Each structure stands twice: as C-alpha cells, then as structure tokens.
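See structure below.
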Amino acid sequence: MLREETVRTPAPQAFVDVTALVRKAVKTAGIQEGHVLVSVPHTTAALTVNENADPSVVSDLLRRLEAAFPTNDPADGHGEGNSHAHLKSSLFGSCHPFIVAEGDLVLGTWQGIYLCEFDGPRTRKLVISVLAAHP
Amino acid sequence: MLREETVRTPAPQAFVDVTALVRKAVKTAGIQEGHVLVSVPHTTAALTVNENADPSVVSDLLRRLEAAFPTNDPADGHGEGNSHAHLKSSLFGSCHPFIVAEGDLVLGTWQGIYLCEFDGPRTRKLVISVLAAHP
Amino acid sequence: MLREETVRTPAPQAFVDVTALVRKAVKTAGIQEGHVLVSVPHTTAALTVNENADPSVVSDLLRRLEAAFPTNDPADGHGEGNSHAHLKSSLFGSCHPFIVAEGDLVLGTWQGIYLCEFDGPRTRKLVISVLAAHP
C-alpha cells in the first residue's frame, strides 16, 4: 500500500516529527507484520530517527552538523549555495526502512521519525510504502 | 518472522559484531530469498556495516567520528551530555536492510554487521525482521 | 528477483550514477509495487541518493567530506591507509531501500542513485533485490 503526505517545514533547517503520519499509514494498511519504507523524494531534505522527548537534542544535532558542514563555504561550486543541505541529506538518507509487528511500527520508547529540512522552509513530500509479510 | 536479541556493549563507545545473530535469524526463518531489517530501537546506538578483519578499522572510525563530533561540547543544550551519541546514531542509522539470497545474507567478504554503541556500556535490544519473497 | 551488476569507478573518490541499472532491474522483474534493496558488498564504497543535474553538487560533497575526514590521518591504525574510505562508507551506507510503485522506482525529479567510490579506482559489485507486494 502506497500513501503520500505533504509536510510544511518551518525554517531553513528544522526537524518535523512525522511519526504519526507513518503510524497512520501502517494502521490504514491494516497489516500485522511487514516492512515499511518512508521516502522523502528530495535532495536537500532527509529522514532520521532520534529522540522524541527533549527538543534540545534536535537543536544540538542541527548545530553540530552546521559546525562540521557550514551553510556557507566559499569553495562550493554549486550555484544555488545549498551544497551543505545536499551533503547533510546524503549523511542522514532520504529513504528509511521500518519494521511492523503486531500491527504497529517497531520503535523504541524514545524514537521518533523526523523529516529533516536542510534548505527550507518548503513544502515537502513524504511517500510511505507498506509491504505485508506472507499470511 | 520477528526475532529479538539483547547485546551487551563493553564501553562508552564500541562496535559489537552482530553478524552471527542476524545470520541465525535468517537461517531460523528458513527463507531462500527476501529482505531482512535489523533495528536497534535506541537513540544513542546504531548499526553499520564495515570491515570485519582488522579491528583497527573500527578504532579509526570511532576516533575520527569523535574528532568531528566530540563527546563534550559546551554549546549542547541537552542535559544528559550525550548529544554527540544522538548525532552519531543518526549519521549511521538505527535500522538497516539486508538482502537474502540462496538462503543466506548477501554480504561481501569483508563486511560485518556492527551494533554501534555511542553511550554505553549498556544492554541494547536488536530486532530482526525477515520477509520472504513470493514462492 | 536478484540481479548483479559490475561498475567500474574512475578515480580514488568519485560518484557513479547507477540509476539506470536499478531501474532496469525493476523493469526486468516486471513488478507493479514493492521494495527494492541495492547493496554494494564492499567496505570502502557506498551508495547515496542525491542531485542528478549539476555535477558540482557531487564535487562539493566529495570536497566537504574530505575536509571533515581527510584521506591522510597520521593517527590511523589501519595499515592500508584507507580508514577515511571506511568511515565515509559507513556514513553513507552500503545497502539502500527504494520504493516501487506503478511499475517504476519512486524517485524525485532531481534524485539520482550513486555508487560512491572512496578508495578507487576499482571494479565494484552491485546487488539488486526486487521484492513484489502481494498481488
């Protein structure tokens, strides 16, 4: 089962929690066991799984990434000035797999799924594909 | 087929080879062809695939990661002091896919699957899901 | 369905666009909906999805990665002198999932699939596994 969602990102660099959207797709598919793929079909946004409790984890991640791979780098050849966002997206990955068991996503207590915006704000697409195990 | 394992990590930052655990799950499932997902349902541990021969590769990886993203960063807002571990986990990823063919994991000669501990030592969970191709 | 390809990489560090090879495997499998895994069974090469239009994006990525994780690091213990390549491979990942819908790969307009060589030039293997959804 395939599902598409759109996500509005609020800032040049931000994480948006999309766990509920992915969970909804799993529930709608109605499967008990299987695999889910979540894809962000963009090249300056990505996905990650990380802590869903203290928001300072996300801001620490963004600040540390920016320190290692700063937005502005005079050596960049790409004219749009967003090579940093392309690199951060490749580091986090744009398509992530998840396990479904007992009708729900297998996630740890502190795990949330984030759409990672590195060149926003924009409206981003999320494609979710649910594949059932053999009955 | 779903399988859970626990893995004890020996140090604050360490890689533990879990290839045999994943291989065992594939053999137990008894499938010939399919996809496997391996998930570490934590936010300060991750998975990676890398060289299984010379252990200095793993120590070089940990040292180089630590140089780029040091454990202690006075700018971190997260009170637990493990933001570096959250970032390293997002960079490596907590759920990885693997191909099964001819009844076994498809891995290169030098590829081993590692559970990557970035905030240990702890007992970590490993969830393995094996999905068979259509017969 | 399983398919193997070989890819010749042209330089010590380079990205080779393999989108057409992956697309061909999907078409050959003839499935309408499902999941694809693409694996590079090596430890100093990887895969990523990124911009397929302006080649300066790729050169910016390689240059920025090299700045953060230089080829030569006197602290490396691994005798082959390619620890940087092992790390870059772990950061990008050697097995990536893709969604198939309506008989084709789900990719954004600007997304291309790259085999990332970090210790070449070499001949690398690509393993592609296509898993169909239930009919």
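Identifiers in this document derive from the order of the structure tokens: chains are assigned A, B, ..., residues are numbered from 1 separately in each chain, and ligands are numbered from 1 in order of occurrence.
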With 10 Å as the cut-off and only C-alpha atoms counted, what is the closest atom pair between each nearby residue of chain C and chain A? Distances in Å to one decimal, ordered by chain and number, as a tab-separated table.
residue	atom	partner	partner_atom	distance
C:Glu33	CA	A:Met1	CA	8.3
C:Gly34	CA	A:Leu131	CA	6.9
C:His35	CA	A:Leu131	CA	7.7
C:Val36	CA	A:Leu37	CA	10.0
C:Leu47	CA	A:Ser90	CA	9.2
C:Thr48	CA	A:Ser90	CA	6.0
C:Val49	CA	A:Ser90	CA	6.5
C:Asn50	CA	A:Thr43	CA	5.2
C:Glu51	CA	A:Thr43	CA	5.9
C:Asn52	CA	A:Thr43	CA	9.3
C:Asp54	CA	A:His78	CA	7.2
C:Pro55	CA	A:His78	CA	8.2
C:Ser56	CA	A:His78	CA	5.1
C:Val57	CA	A:His78	CA	5.6
C:Val58	CA	A:Ser83	CA	8.8
C:Ser59	CA	A:Gly77	CA	7.7
C:Asp60	CA	A:Asp76	CA	5.5
C:Leu61	CA	A:Leu87	CA	5.6
C:Leu62	CA	A:Leu87	CA	8.9
C:Arg63	CA	A:Asp76	CA	8.5
C:Arg64	CA	A:Phe69	CA	7.2
C:Leu65	CA	A:Leu87	CA	8.3
C:Ala67	CA	A:Ala68	CA	9.3
C:Ala68	CA	A:Ala68	CA	6.9
C:Lys88	CA	A:Leu91	CA	9.2
C:Ser90	CA	A:Leu91	CA	9.4
C:Leu91	CA	A:Leu91	CA	5.8
C:Phe92	CA	A:Leu91	CA	5.5
C:Gly93	CA	A:Gly93	CA	8.6
C:His96	CA	A:Cys95	CA	7.6
C:Pro97	CA	A:Cys95	CA	6.5
C:Phe98	CA	A:Cys95	CA	6.8
C:Ile99	CA	A:Ser129	CA	6.7
C:Val100	CA	A:Ser129	CA	8.5
C:Ala101	CA	A:Leu2	CA	7.6
C:Val106	CA	A:Pro41	CA	7.7
C:Leu107	CA	A:Pro41	CA	5.6
C:Gly108	CA	A:Pro41	CA	4.3
C:Thr109	CA	A:Pro41	CA	7.8
C:Trp110	CA	A:Thr43	CA	6.8
C:Gln111	CA	A:Thr43	CA	6.3
C:Gly112	CA	A:Thr43	CA	9.1
C:Leu131	CA	A:Leu131	CA	9.2
C:Ala132	CA	A:Leu131	CA	8.5
C:Ala133	CA	A:Leu131	CA	5.9
C:His134	CA	A:Ala132	CA	7.4
### Message
Among stretch 52-116 of chain C, which ones does DSSP assign to alpha helix (DSSP H) (computed from the backbone)? Answer as a ChimeraX atom specification.
### Response
/C:56-68,83-92
### Message
Which residues are near C:Arg23? Cut-off 8 Å, only C-alpha atoms, ignore same chain within fewer than 3 positions. Put them as a ChimeraX atom specification.
### Response
/C:19-20,26-27,104-105
With all heavy atoms retained, write the just-selected residues as a tab-separated table (two decimals), in the first residue's frame.
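Output below, filename out20.tsv:
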chain	number	residue	atom	x	y	z
C	19	THR	N	21.47	4.86	-11.47
C	19	THR	CA	20.00	4.87	-11.51
C	19	THR	C	19.46	3.97	-12.61
C	19	THR	O	18.51	3.20	-12.38
C	19	THR	CB	19.47	6.31	-11.73
C	19	THR	OG1	20.21	7.21	-10.91
C	19	THR	CG2	17.99	6.41	-11.40
C	20	ALA	N	20.06	4.04	-13.79
C	20	ALA	CA	19.56	3.26	-14.93
C	20	ALA	C	19.68	1.75	-14.66
C	20	ALA	O	18.80	0.98	-15.04
C	20	ALA	CB	20.29	3.64	-16.21
C	26	VAL	N	14.28	-3.28	-11.97
C	26	VAL	CA	12.85	-3.19	-11.62
C	26	VAL	C	12.00	-3.55	-12.83
C	26	VAL	O	11.03	-4.33	-12.72
C	26	VAL	CB	12.50	-1.78	-11.10
C	26	VAL	CG1	10.98	-1.62	-10.94
C	26	VAL	CG2	13.21	-1.49	-9.79
C	27	LYS	N	12.35	-3.02	-13.98
C	27	LYS	CA	11.59	-3.31	-15.21
C	27	LYS	C	11.67	-4.80	-15.54
C	27	LYS	O	10.68	-5.43	-15.91
C	27	LYS	CB	12.15	-2.50	-16.39
C	27	LYS	CG	12.03	-0.99	-16.21
C	27	LYS	CD	10.61	-0.51	-16.41
C	27	LYS	CE	10.54	1.03	-16.39
C	27	LYS	NZ	9.15	1.53	-16.35
C	104	ASP	N	7.52	1.31	-11.47
C	104	ASP	CA	8.78	2.05	-11.60
C	104	ASP	C	9.29	2.49	-10.21
C	104	ASP	O	8.55	2.53	-9.24
C	104	ASP	CB	8.58	3.29	-12.48
C	104	ASP	CG	9.90	3.85	-13.01
C	104	ASP	OD1	10.96	3.23	-12.81
C	104	ASP	OD2	9.86	4.93	-13.62
C	105	LEU	N	10.58	2.81	-10.17
C	105	LEU	CA	11.19	3.36	-8.97
C	105	LEU	C	10.52	4.67	-8.58
C	105	LEU	O	10.27	5.51	-9.45
C	105	LEU	CB	12.66	3.71	-9.24
C	105	LEU	CG	13.72	2.63	-9.14
C	105	LEU	CD1	15.07	3.24	-9.49
C	105	LEU	CD2	13.75	2.05	-7.73
### Message
Between atom CA of A:Asp17 and atom CA of A:Ala53, what is the distance in Å, rounded to a tenth?
### Response
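About the pair atom CA of A:Asp17 and atom CA of A:Ala53: they are 11.0 Å apart.
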### Task
Take atom CA of A:Tyr114 and atom CA of A:Ala14 and report the distance between them in Å, one decimal.
9.3 Å
### Task
Taking the chain letters and numbering used in this document, name the residues of chain A that DSSP puts in strand (DSSP E or B), as a PyMOL selection string.
chain A and resi 2-8+14-17+34-39+45-51+95-101+104-105+111-117+123-132
### All residues 7 Å or closer to A:Ala25, only C-alpha atoms, same chain fewer than 4 positions away omitted, as a ChimeraX atom specification
/A:3,21,29
Only C-alpha atoms, please: the residues just picked out, written as a compact mmCIF listing (two decimals), in the first residue's frame.
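Wrote result05.txt, looks like this:
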# COMPACT_ATOMS: atom_id res chain seq x y z
CA ARG A 3 0.46 6.68 0.70
CA LEU A 21 1.88 10.10 9.67
CA ALA A 29 -2.83 -0.70 5.51
